[in-house]
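A.B. asks: What follows is work.csv, CSV, C-alpha atoms and all ligand atoms.
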```csv
chain,number,residue,atom,x,y,z
I,992,MET,CA,37.5,8.2,36.8
I,993,PRO,CA,34.3,10.2,36.3
I,994,THR,CA,31.3,9.7,38.5
I,995,LYS,CA,27.9,8.6,37.1
I,996,GLU,CA,26.8,12.2,37.3
I,997,GLU,CA,29.8,13.3,35.3
I,998,VAL,CA,29.1,10.7,32.7
I,999,VAL,CA,25.5,11.9,32.4
I,1000,GLN,CA,26.6,15.5,32.3
I,1001,ALA,CA,29.0,14.6,29.4
I,1002,LEU,CA,26.2,12.9,27.5
I,1003,LYS,CA,24.3,16.1,27.4
I,1004,LYS,CA,26.7,17.0,24.5
I,1005,VAL,CA,24.9,14.4,22.4
I,1006,ILE,CA,22.0,16.1,20.6
I,1007,ASP,CA,19.2,14.2,18.9
I,1008,PRO,CA,19.3,15.6,15.3
I,1009,GLU,CA,15.5,15.3,14.9
I,1010,LEU,CA,14.5,17.3,17.9
I,1011,GLY,CA,17.6,19.4,18.6
I,1012,ILE,CA,17.5,18.3,22.3
I,1013,ASP,CA,20.2,16.4,24.2
I,1014,ILE,CA,19.7,12.7,24.8
I,1015,VAL,CA,19.8,13.1,28.6
I,1016,SER,CA,16.9,15.6,28.6
I,1017,LEU,CA,15.0,13.3,26.3
I,1018,GLY,CA,15.3,10.5,28.8
I,1019,MET,CA,17.3,8.3,26.4
I,1020,VAL,CA,20.1,7.5,28.8
I,1021,LYS,CA,18.9,4.5,30.7
I,1022,GLU,CA,21.8,2.8,32.5
I,1023,VAL,CA,25.2,4.1,33.5
I,1024,ASP,CA,27.9,1.9,35.0
I,1025,THR,CA,31.4,3.0,35.8
I,1026,LYS,CA,34.2,0.9,37.3
I,1027,ASN,CA,38.0,0.7,36.9
I,1028,GLY,CA,38.2,3.1,34.0
I,1029,SER,CA,35.4,1.4,32.1
I,1030,VAL,CA,32.1,3.1,31.3
I,1031,GLU,CA,29.0,1.2,30.2
I,1032,VAL,CA,25.9,3.1,29.0
I,1033,THR,CA,22.6,2.0,27.6
I,1034,LEU,CA,20.7,4.3,25.3
I,1035,GLU,CA,17.0,3.8,24.6
I,1036,LEU,CA,15.9,5.1,21.2
I,1037,THR,CA,12.3,5.9,20.4
I,1038,THR,CA,12.3,3.4,17.6
I,1039,PRO,CA,14.7,0.5,16.6
I,1040,ALA,CA,14.5,2.0,13.0
I,1041,CYS,CA,16.0,5.3,14.2
I,1042,PRO,CA,17.7,6.9,11.2
I,1043,PHE,CA,20.4,8.3,13.5
I,1044,ARG,CA,21.0,5.2,15.5
I,1045,ALA,CA,24.7,4.8,14.4
I,1046,GLN,CA,25.3,8.5,14.6
I,1047,LEU,CA,24.0,8.8,18.2
I,1048,LYS,CA,25.9,5.8,19.4
I,1049,ASP,CA,29.2,7.0,17.8
I,1050,HIS,CA,28.8,10.5,19.3
I,1051,ALA,CA,28.1,9.1,22.7
I,1052,GLU,CA,31.2,6.8,22.5
I,1053,LYS,CA,33.3,9.7,21.4
I,1054,VAL,CA,32.1,12.0,24.3
I,1055,LEU,CA,32.7,9.2,26.9
I,1056,LYS,CA,36.2,8.3,25.5
I,1057,ALA,CA,37.2,11.9,25.9
I,1058,LEU,CA,36.5,11.9,29.6
I,1059,PRO,CA,39.7,11.8,31.8
I,1060,GLY,CA,40.4,8.5,33.4
I,1061,VAL,CA,38.2,6.4,31.0
I,1062,SER,CA,40.0,3.6,29.3
I,1063,SER,CA,37.1,1.6,27.8
I,1064,VAL,CA,33.6,2.5,26.7
I,1065,LYS,CA,30.6,0.4,25.8
I,1066,VAL,CA,27.4,2.0,24.5
I,1067,SER,CA,24.5,-0.4,24.1
I,1068,VAL,CA,21.5,0.7,22.1
I,1069,VAL,CA,18.0,-0.6,22.8
I,1070,ALA,CA,14.7,0.8,21.6
I,1071,ARG,CA,11.1,1.2,22.7
I,1072,VAL,CA,8.7,2.7,20.2
I,1073,LEU,CA,7.1,5.9,21.3
I,1074,PRO,CA,3.3,6.0,21.0
I,1075,SER,CA,1.7,8.9,19.1
I,1076,ARG,CA,-1.8,7.7,20.1
I,1077,ALA,CA,-1.7,7.6,23.8
I,1078,GLY,CA,-5.2,7.9,25.3
I,1079,GLU,CA,-7.0,6.8,22.1
I,1080,LYS,CA,-10.0,4.7,22.7
I,1081,ILE,CA,-9.9,2.8,19.3
I,1082,LEU,CA,-7.0,0.3,19.2
I,1083,PRO,CA,-5.3,1.5,22.4
I,1084,GLY,CA,-2.6,-1.3,22.0
I,1085,VAL,CA,-1.5,0.2,18.7
I,1086,LYS,CA,1.1,2.8,19.3
I,1087,ASN,CA,1.2,4.4,15.8
I,1088,ILE,CA,-1.1,4.2,12.8
I,1089,ILE,CA,0.5,5.2,9.5
I,1090,ALA,CA,-1.6,5.6,6.4
I,1091,ILE,CA,0.0,5.3,2.9
I,1092,ALA,CA,-1.8,7.5,0.4
I,1093,SER,CA,-1.4,8.9,-3.1
I,1094,GLY,CA,-2.9,11.5,-5.3
I,1095,LYS,CA,-3.4,9.0,-8.1
I,1096,GLY,CA,-3.4,5.2,-8.7
I,1097,GLY,CA,-0.6,3.0,-9.6
I,1098,VAL,CA,2.3,5.0,-8.1
I,1099,GLY,CA,3.3,2.1,-5.8
I,1100,LYS,CA,1.4,2.7,-2.6
I,1101,SER,CA,0.9,-1.0,-1.8
I,1102,THR,CA,4.5,-1.8,-2.7
I,1103,VAL,CA,5.8,0.9,-0.4
I,1104,ALA,CA,3.3,-0.1,2.4
I,1105,VAL,CA,4.4,-3.7,2.4
I,1106,ASN,CA,8.2,-3.2,2.0
I,1107,VAL,CA,8.3,-0.5,4.7
I,1108,GLY,CA,6.3,-2.7,7.0
I,1109,LEU,CA,8.7,-5.6,6.5
I,1110,ALA,CA,11.7,-3.3,7.0
I,1111,LEU,CA,10.3,-2.0,10.3
I,1112,ALA,CA,9.5,-5.6,11.4
I,1113,GLU,CA,12.9,-6.9,10.6
I,1114,LEU,CA,14.4,-4.7,13.3
I,1115,GLY,CA,12.1,-6.2,15.9
I,1116,SER,CA,9.1,-3.8,15.8
I,1117,SER,CA,5.7,-5.4,15.9
I,1118,VAL,CA,3.9,-4.4,12.7
I,1119,GLY,CA,0.5,-4.9,11.2
I,1120,ILE,CA,-0.6,-4.0,7.7
I,1121,LEU,CA,-4.2,-3.2,7.0
I,1122,ASP,CA,-5.2,-3.3,3.3
I,1123,ALA,CA,-7.9,-0.6,3.1
I,1124,ASP,CA,-8.1,-0.6,-0.7
I,1125,ILE,CA,-11.8,-1.0,-1.4
I,1126,TYR,CA,-11.1,-1.4,-5.1
I,1127,GLY,CA,-9.6,-4.8,-4.5
I,1128,PRO,CA,-7.1,-6.1,-2.0
I,1129,THR,CA,-3.5,-6.4,-3.2
I,1130,VAL,CA,-1.5,-6.6,0.1
I,1131,PRO,CA,-2.4,-10.3,0.7
I,1132,ARG,CA,-1.2,-11.1,-2.8
I,1133,ILE,CA,2.0,-9.2,-2.5
I,1134,LEU,CA,2.7,-10.9,0.9
I,1135,ASN,CA,1.4,-14.3,-0.3
I,1136,VAL,CA,-1.0,-14.8,2.6
I,1137,LYS,CA,-4.7,-15.8,2.7
I,1138,VAL,CA,-6.6,-13.4,4.8
I,1139,GLY,CA,-9.7,-15.1,6.1
I,1140,LEU,CA,-12.2,-14.8,8.9
I,1141,ALA,CA,-10.4,-17.1,11.2
I,1142,ASN,CA,-11.4,-16.6,14.8
I,1143,ALA,CA,-9.3,-15.6,17.7
I,1144,GLY,CA,-11.8,-15.9,20.5
I,1145,ASP,CA,-14.5,-13.5,19.6
I,1146,LYS,CA,-12.2,-11.6,17.4
I,1147,ILE,CA,-10.9,-12.0,13.8
I,1148,ALA,CA,-7.4,-13.3,13.5
I,1149,PRO,CA,-5.1,-11.5,11.1
I,1150,ALA,CA,-2.9,-13.6,8.8
I,1151,ILE,CA,0.8,-13.7,9.7
I,1152,SER,CA,3.4,-13.0,7.0
I,1153,TYR,CA,7.2,-12.6,6.8
I,1154,ASN,CA,8.9,-11.2,9.9
I,1155,GLY,CA,5.7,-11.8,11.8
I,1156,VAL,CA,3.8,-9.0,10.1
I,1157,LYS,CA,0.1,-9.2,10.8
I,1158,VAL,CA,-2.2,-8.7,7.7
I,1159,MET,CA,-5.8,-7.9,7.4
I,1160,SER,CA,-8.0,-6.6,4.6
I,1161,ILE,CA,-10.9,-4.3,4.9
I,1162,GLY,CA,-12.5,-6.0,1.9
I,1163,PHE,CA,-14.4,-8.1,4.5
I,1164,LEU,CA,-16.6,-5.1,5.2
I,1165,LEU,CA,-17.8,-5.1,1.7
I,1166,GLN,CA,-20.6,-7.4,0.7
I,1167,GLU,CA,-20.3,-8.5,-2.9
I,1168,ASP,CA,-22.6,-6.8,-5.4
I,1169,GLU,CA,-23.6,-4.3,-2.8
I,1170,PRO,CA,-22.8,-0.7,-3.7
I,1171,VAL,CA,-20.8,0.9,-1.0
I,1172,ILE,CA,-21.7,4.4,-0.2
I,1173,TRP,CA,-18.5,6.0,1.1
I,1174,ARG,CA,-20.0,8.8,3.0
I,1175,GLY,CA,-21.4,9.5,6.4
I,1176,PRO,CA,-21.1,8.2,9.9
I,1177,LEU,CA,-22.4,4.7,9.1
I,1178,VAL,CA,-19.3,3.9,7.1
I,1179,ALA,CA,-17.0,5.4,9.7
I,1180,ASN,CA,-18.7,3.4,12.4
I,1181,ALA,CA,-18.5,0.2,10.4
I,1182,ILE,CA,-14.8,0.7,9.8
I,1183,ARG,CA,-14.0,1.5,13.4
I,1184,GLN,CA,-16.0,-1.6,14.5
I,1185,PHE,CA,-14.1,-3.8,12.0
I,1186,LEU,CA,-10.8,-2.4,13.2
I,1187,THR,CA,-11.6,-3.2,16.8
I,1188,ASP,CA,-12.8,-6.7,15.8
I,1189,VAL,CA,-9.4,-7.7,14.6
I,1190,GLU,CA,-7.0,-9.2,17.1
I,1191,TRP,CA,-4.0,-7.0,16.4
I,1192,GLY,CA,-2.5,-7.4,19.8
I,1193,ASP,CA,0.0,-4.8,20.7
I,1194,LEU,CA,1.6,-3.1,17.7
I,1195,ASP,CA,4.3,-0.6,17.3
I,1196,TYR,CA,3.2,0.3,13.8
I,1197,LEU,CA,0.0,-0.3,12.0
I,1198,ILE,CA,0.4,0.5,8.3
I,1199,VAL,CA,-2.8,1.3,6.4
I,1200,ASP,CA,-2.7,1.0,2.6
I,1201,LEU,CA,-5.4,3.5,1.5
I,1202,PRO,CA,-7.3,3.4,-1.8
I,1203,PRO,CA,-5.7,5.6,-4.5
I,1204,GLY,CA,-6.7,9.2,-4.9
I,1205,THR,CA,-8.6,11.6,-2.8
I,1206,GLY,CA,-12.1,10.4,-3.5
I,1207,ASP,CA,-14.8,9.8,-0.8
I,1208,ALA,CA,-13.4,6.4,0.0
I,1209,SER,CA,-9.9,7.5,0.9
I,1210,LEU,CA,-11.1,10.6,2.8
I,1211,THR,CA,-13.7,8.7,4.8
I,1212,LEU,CA,-11.1,6.0,5.6
I,1213,ALA,CA,-8.5,8.6,6.6
I,1214,GLN,CA,-11.0,10.2,8.9
I,1215,SER,CA,-12.5,7.0,10.3
I,1216,ILE,CA,-9.2,5.4,11.3
I,1217,PRO,CA,-7.5,7.4,14.1
I,1218,LEU,CA,-4.2,8.0,12.4
I,1219,THR,CA,-0.9,9.2,13.5
I,1220,GLY,CA,-0.4,10.6,10.1
I,1221,VAL,CA,-0.1,10.0,6.4
I,1222,VAL,CA,2.7,9.1,4.1
I,1223,ILE,CA,2.2,10.3,0.5
I,1224,VAL,CA,3.7,8.3,-2.4
I,1225,SER,CA,4.4,10.1,-5.6
I,1226,THR,CA,6.3,9.5,-8.8
I,1227,PRO,CA,8.7,12.2,-10.0
I,1228,GLN,CA,6.6,13.4,-13.0
I,1229,ASP,CA,5.4,16.9,-12.8
I,1230,ALA,CA,1.8,15.9,-13.2
I,1231,ALA,CA,2.0,13.2,-10.5
I,1232,LEU,CA,3.7,15.6,-8.2
I,1233,ARG,CA,1.0,18.2,-8.7
I,1234,ILE,CA,-1.7,15.6,-7.9
I,1235,ALA,CA,0.3,14.5,-4.8
I,1236,THR,CA,0.5,18.1,-3.6
I,1237,LYS,CA,-3.2,18.4,-4.0
I,1238,ALA,CA,-3.7,15.3,-1.9
I,1239,LEU,CA,-1.3,16.7,0.8
I,1240,ASN,CA,-3.2,19.9,1.0
I,1241,MET,CA,-6.5,18.0,1.3
I,1242,PHE,CA,-5.1,15.9,4.2
I,1243,ARG,CA,-3.9,19.0,5.9
I,1244,LYS,CA,-7.3,20.5,5.6
I,1245,LEU,CA,-8.7,17.4,7.3
I,1246,ASN,CA,-6.1,17.9,10.1
I,1247,VAL,CA,-4.4,14.6,9.2
I,1248,GLU,CA,-0.7,15.0,10.0
I,1249,ILE,CA,1.7,14.7,7.1
I,1250,ILE,CA,4.6,12.3,7.9
I,1251,GLY,CA,6.3,13.1,4.6
I,1252,ILE,CA,6.5,12.2,0.9
I,1253,VAL,CA,8.2,9.2,-0.8
I,1254,GLU,CA,9.4,9.4,-4.4
I,1255,ASN,CA,8.8,6.1,-6.1
I,1256,MET,CA,10.1,5.0,-9.5
I,1257,SER,CA,12.7,7.7,-9.0
I,1258,TYR,CA,15.4,6.5,-11.3
I,1259,PHE,CA,16.4,3.4,-13.2
I,1260,VAL,CA,19.8,1.7,-12.9
I,1261,CYS,CA,20.7,-0.3,-16.1
I,1262,PRO,CA,21.3,-3.9,-14.9
I,1263,ASN,CA,23.9,-4.3,-17.7
I,1264,CYS,CA,26.0,-1.2,-17.5
I,1265,GLY,CA,25.0,0.3,-14.1
I,1266,HIS,CA,24.2,3.7,-15.7
I,1267,VAL,CA,21.5,5.6,-13.9
I,1268,PHE,CA,18.7,6.9,-16.0
I,1269,GLU,CA,16.6,9.6,-14.5
I,1270,ILE,CA,13.6,8.9,-16.7
I,1271,PHE,CA,11.1,11.4,-15.2
I,1272,GLY,CA,13.7,13.8,-13.8
I,1273,ARG,CA,14.8,13.1,-10.3
I,1274,GLY,CA,14.6,15.4,-7.3
I,1275,GLY,CA,11.3,16.9,-8.0
I,1276,VAL,CA,9.7,15.5,-4.9
I,1277,LYS,CA,12.5,16.6,-2.7
I,1278,ALA,CA,12.2,20.2,-3.9
I,1279,ALA,CA,8.5,20.0,-3.5
I,1280,CYS,CA,8.9,18.8,0.1
I,1281,GLU,CA,11.0,21.9,0.9
I,1282,ARG,CA,8.4,24.1,-0.7
I,1283,LEU,CA,5.6,22.5,1.2
I,1284,GLY,CA,7.4,22.3,4.5
I,1285,THR,CA,7.1,18.6,4.8
I,1286,ARG,CA,9.7,15.8,5.2
I,1287,PHE,CA,11.3,14.1,2.2
I,1288,LEU,CA,11.2,10.4,3.1
I,1289,GLY,CA,13.6,9.2,0.3
I,1290,GLU,CA,13.5,7.7,-3.1
I,1291,ILE,CA,12.9,4.2,-4.5
I,1292,PRO,CA,14.4,3.2,-7.8
I,1293,LEU,CA,12.3,1.9,-10.7
I,1294,SER,CA,13.5,-1.7,-10.6
I,1295,PRO,CA,12.5,-5.0,-12.1
I,1296,ASP,CA,13.2,-6.8,-8.9
I,1297,ILE,CA,10.5,-4.7,-7.1
I,1298,ARG,CA,7.8,-5.6,-9.6
I,1299,ALA,CA,8.8,-9.2,-10.2
I,1300,ASN,CA,9.2,-10.1,-6.5
I,1301,GLY,CA,6.0,-8.3,-5.6
I,1302,ASP,CA,4.1,-10.3,-8.2
I,1303,LEU,CA,5.6,-13.6,-6.9
I,1304,GLY,CA,4.4,-12.9,-3.3
I,1305,LYS,CA,7.8,-12.2,-1.9
I,1306,PRO,CA,8.6,-8.5,-1.6
I,1307,VAL,CA,12.1,-7.3,-2.5
I,1308,VAL,CA,13.0,-6.6,1.2
I,1309,ILE,CA,12.6,-10.4,1.7
I,1310,ALA,CA,13.5,-11.8,-1.7
I,1311,ALA,CA,16.7,-9.7,-2.2
I,1312,PRO,CA,17.5,-8.2,1.1
I,1313,ARG,CA,20.9,-6.8,0.1
I,1314,SER,CA,19.7,-5.3,-3.2
I,1315,GLU,CA,19.7,-1.5,-3.8
I,1316,SER,CA,15.9,-1.6,-3.9
I,1317,ALA,CA,15.7,-3.3,-0.5
I,1318,GLU,CA,18.1,-0.8,1.0
I,1319,ALA,CA,16.1,2.1,-0.5
I,1320,PHE,CA,13.0,0.8,1.2
I,1321,ARG,CA,14.8,0.4,4.5
I,1322,LYS,CA,16.0,4.0,4.3
I,1323,VAL,CA,12.5,5.2,3.7
I,1324,ALA,CA,11.2,3.0,6.6
I,1325,TYR,CA,13.7,4.6,9.0
I,1326,GLU,CA,12.8,8.1,7.8
I,1327,ILE,CA,9.1,7.3,8.4
I,1328,ALA,CA,9.9,5.9,11.9
I,1329,GLY,CA,12.0,9.0,12.6
I,1330,SER,CA,9.2,11.3,11.5
I,1331,VAL,CA,6.6,9.3,13.5
I,1332,SER,CA,8.9,9.5,16.6
I,1333,VAL,CA,9.0,13.3,16.3
I,1334,ILE,CA,5.2,13.4,16.0
I,1335,ALA,CA,4.8,11.1,19.0
I,1336,TYR,CA,7.3,13.2,21.0
I,1337,LYS,CA,5.5,16.4,20.3
I,1338,ARG,CA,2.1,14.9,21.1
I,1339,GLY,CA,3.4,13.5,24.3
I,1340,LYS,CA,4.8,16.9,25.2
I,1341,ASP,CA,1.5,18.6,24.4
I,1342,SER,CA,-0.4,16.2,26.6
I,1343,ARG,CA,2.2,16.6,29.4
I,1344,GLY,CA,1.9,20.3,29.1
P,1401,LIG,N1,9.8,1.1,-7.7
P,1401,LIG,C1,9.2,0.2,-8.5
P,1401,LIG,N2,9.9,-0.4,-9.5
P,1401,LIG,C2,9.2,-1.3,-10.3
P,1401,LIG,N3,7.9,-1.6,-10.2
P,1401,LIG,C3,7.2,-1.0,-9.3
P,1401,LIG,C4,7.8,-0.1,-8.3
P,1401,LIG,N4,6.8,0.3,-7.5
P,1401,LIG,C5,5.7,-0.3,-7.9
P,1401,LIG,N5,5.9,-1.1,-8.9
P,1401,LIG,C6,4.9,-1.9,-9.6
P,1401,LIG,O1,3.9,-1.1,-10.1
P,1401,LIG,C7,2.7,-1.7,-10.0
P,1401,LIG,C8,1.8,-0.8,-9.2
P,1401,LIG,O2,2.3,-0.8,-7.8
P,1401,LIG,P1,1.3,-0.8,-6.6
P,1401,LIG,O3,0.3,-1.8,-6.7
P,1401,LIG,O4,2.1,-0.9,-5.4
P,1401,LIG,O5,0.7,0.7,-6.8
P,1401,LIG,P2,-0.6,1.3,-6.0
P,1401,LIG,O6,-0.3,2.8,-5.9
P,1401,LIG,O7,-0.8,0.6,-4.8
P,1401,LIG,O8,-1.7,1.0,-7.0
P,1401,LIG,P3,-3.3,1.2,-6.8
P,1401,LIG,O9,-3.5,2.6,-7.0
P,1401,LIG,O10,-3.8,0.3,-7.9
P,1401,LIG,O11,-3.6,0.7,-5.4
P,1401,LIG,C9,2.9,-3.1,-9.4
P,1401,LIG,O12,3.0,-4.0,-10.5
P,1401,LIG,C10,4.2,-2.9,-8.7
P,1401,LIG,O13,4.9,-4.2,-8.7
P,1402,MG,MG,-2.5,-0.4,-4.1
```
Kindly transcribe the structure held in the file into structure tokens.
C.D. replies:
Amino acid sequence: MPTKEEVVQALKKVIDPELGIDIVSLGMVKEVDTKNGSVEVTLELTTPACPFRAQLKDHAEKVLKALPGVSSVKVSVVARVLPSRAGEKILPGVKNIIAIASGKGGVGKSTVAVNVGLALAELGSSVGILDADIYGPTVPRILNVKVGLANAGDKIAPAISYNGVKVMSIGFLLQEDEPVIWRGPLVANAIRQFLTDVEWGDLDYLIVDLPPGTGDASLTLAQSIPLTGVVIVSTPQDAALRIATKALNMFRKLNVEIIGIVENMSYFVCPNCGHVFEIFGRGGVKAACERLGTRFLGEIPLSPDIRANGDLGKPVVIAAPRSESAEAFRKVAYEIAGSVSVIAYKRGKDSRG
């Protein structure tokens, strides 16, 4: 029968694929119990949406079963989301802030923001979504909530949607008929003030749906909100991808971390015959990610259930949770969570020295 130390030693063979570091050194091994030939271990992941959750658990089980004198193995997996924003003054209770951006309009930013938020929340993460589209809020409509200025003490209460997701719209900053000048410190200050006026509570992930394009509004917002990083949504057409690449370079210039790129409206599956039509050519975004040295976050099919359910106020992750579309959003959500964990780990390491 191995000792606890020997169990821990053996678990050093399990490497986190994101970081290339073993799970013991990463501090993921929380509890080790050994008695009468049975070993029980608890692993703590850096996000419940870890894309390698099953792989890490399987590998740990294999390693432990191979130890001499072990007859039964139980590996439990828990998660605590790693913060990428430790030490931030604005919204210190929000561990990660993820902006969703695009080079041009209509590529599915809001749809991705909402379904990814819901997918993260369904695994138990606390999630908020901030609609920062100054050209008109869409998130409250997609989620079928009324965002109002209800009070929570001296703060503004967000609306609560499916899976407990909190929703707020930056539209409240904008006075009707008043032209908004999206430049300068005044706007930045107003946005930061508004953000802190909202009662977000403690959040693992705050997702910010930015306005389309890389005009003043998006850039000012991206710089006023202290972000973990930005996810770029693109469709597979060459032109769209070129514009997305431009956006990516612009964010890089502003020192906004790039979490990765999502390909939306990637392919179409015929509901009658199941044939896959790659209407705009598939795989362009993935190739571009390799070229640009950024993470490919996955592809979402062009699908009637995504549009229809979004319009009905019930996003596909909720309306048809087992559909191919919902599963595609989940995969993207886990990739985002993985990428954010890596950023958080690196930032933590930098600040630890
Ligand atoms: N994968 C998809 N399959 C089918 N329809 C989609 C898909 N993604 C988005 N749509 C639909 O396309 C339209 C535009 O999507 P959405 O509003 O999310 O884009 P956006 O990038 O946020 O647009 P805007 O630039 O106006 O903010 C919506 O009607 C939405 O339901
Ligand atoms: Mg939108």
A.B. asks: Let me make sure I understand: among I:Gly1274, I:Pro1306, I:Pro1295, I:Pro1131, which one has the smallest atom-to-atom distance to ligand LIG 1401 (chain P) if we use all atoms listed in the file?
C.D. replies: I:Pro1295
A.B. asks: Could you check which of I:Leu1010, I:Ile1291, I:Val1061, I:Ala1123 is closest to ligand MG 1402 (chain P), using only C-alpha atoms and all ligand atoms?
C.D. replies: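 Of I:Leu1010, I:Ile1291, I:Val1061, I:Ala1123, the one nearest ligand MG 1402 (chain P) is I:Ala1123, counting only C-alpha atoms and all ligand atoms.
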A.B. asks: Just the residues within 8 Å of I:Ile1250, please, counting all atoms listed in the file, with nothing from its chain fewer than 4 positions along; format it as a VMD selection string.
C.D. replies: chain I and resid 1220 to 1222 1285 to 1286 1327 1330 to 1331
A.B. asks: Could you name the residues that touch I:Gln1228 at 8 Å or less, counting all atoms listed in the file, but leaving out those on the same chain fewer than 6 positions away, as an NGL selection string?
C.D. replies: :I and (1271-1272 or 1275)
A.B. asks: Applying 8 Å and only C-alpha atoms, which residues near stretch 1314-1322 of chain I remain after dropping the ones on its own chain fewer than 3 positions away? List them as an NGL selection string.
C.D. replies: :I and (1042 or 1103 or 1106-1107 or 1110-1111 or 1289-1292 or 1294 or 1296-1297 or 1307-1308 or 1311 or 1325-1326)
A.B. asks: Report as number ranges by chain all protein, DNA and RNA residues lying within 9 Å of I:Ala1112, evaluated on only C-alpha atoms, omitting residues in the same chain fewer than 6 positions from it.
C.D. replies: I: 1118, 1153-1156, 1196
A.B. asks: Please write out the residues within 8 Å of ligand MG 1402 (chain P) as a list in words, counting all atoms listed in the file.
C.D. replies: Gly1096, Gly1097, Gly1099, Lys1100, Ser1101, Thr1102, Asp1124, Pro1128, Thr1129, Val1130, Asp1200, Leu1201, Pro1202 and Pro1203 of chain I
A.B. asks: Do you know which residues are at most 6 Å from stretch 1027-1039 of chain I counting only C-alpha atoms, after dropping those on the same chain fewer than 4 positions away, and could you put them as a ChimeraX atom specification?
C.D. replies: /I:992,1019-1023,1060-1073
A.B. asks: Identify which of the residues I:Val1136, I:Val1199, I:Val1247, I:Val1098 lies closest to ligand LIG 1401 (chain P), counting all atoms listed in the file when measuring atom-to-atom distances.
C.D. replies: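 Closest to ligand LIG 1401 (chain P) of all the choices is I:Val1098.
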A.B. asks: Have a look at I:Val1085, I:Cys1041, I:Val1333, I:Val998 and name the one nearest to I:Pro1059; count only C-alpha atoms.
C.D. replies: I:Val998
A.B. asks: Choose the residue, out of I:Ile1151, I:Leu1212, I:Val1253, I:Ala1299, that has the smallest atom-to-atom separation from I:Glu1190; count all atoms listed in the file.
C.D. replies: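 When distances to I:Glu1190 are compared using all atoms listed in the file, the smallest one comes from I:Ile1151.
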A.B. asks: Let me make sure I understand: among I:Val1105, I:Ala1208, I:Ala1001, I:Val1323, which one has the smallest atom-to-atom distance to ligand LIG 1401 (chain P) if we use all atoms listed in the file?
C.D. replies: I:Val1105
A.B. asks: By how many Å are atom CA of I:Val1138 and atom CA of I:Ile1120 apart?
C.D. replies: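 Here the two named atoms are 11.5 Å from each other.
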A.B. asks: Just how far from atom CA of I:Ile1334 is atom O10 of ligand LIG 1401 (chain P), in Å to one decimal?
C.D. replies: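 Atom CA of I:Ile1334 lies at a distance of 28.7 Å from atom O10 of ligand LIG 1401 (chain P).
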A.B. asks: To one decimal in Å, tell me the separation between atom CA of I:Leu1109 and atom C5 of ligand LIG 1401 (chain P).
C.D. replies: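 Separating atom CA of I:Leu1109 from atom C5 of ligand LIG 1401 (chain P) is a distance of 15.6 Å.
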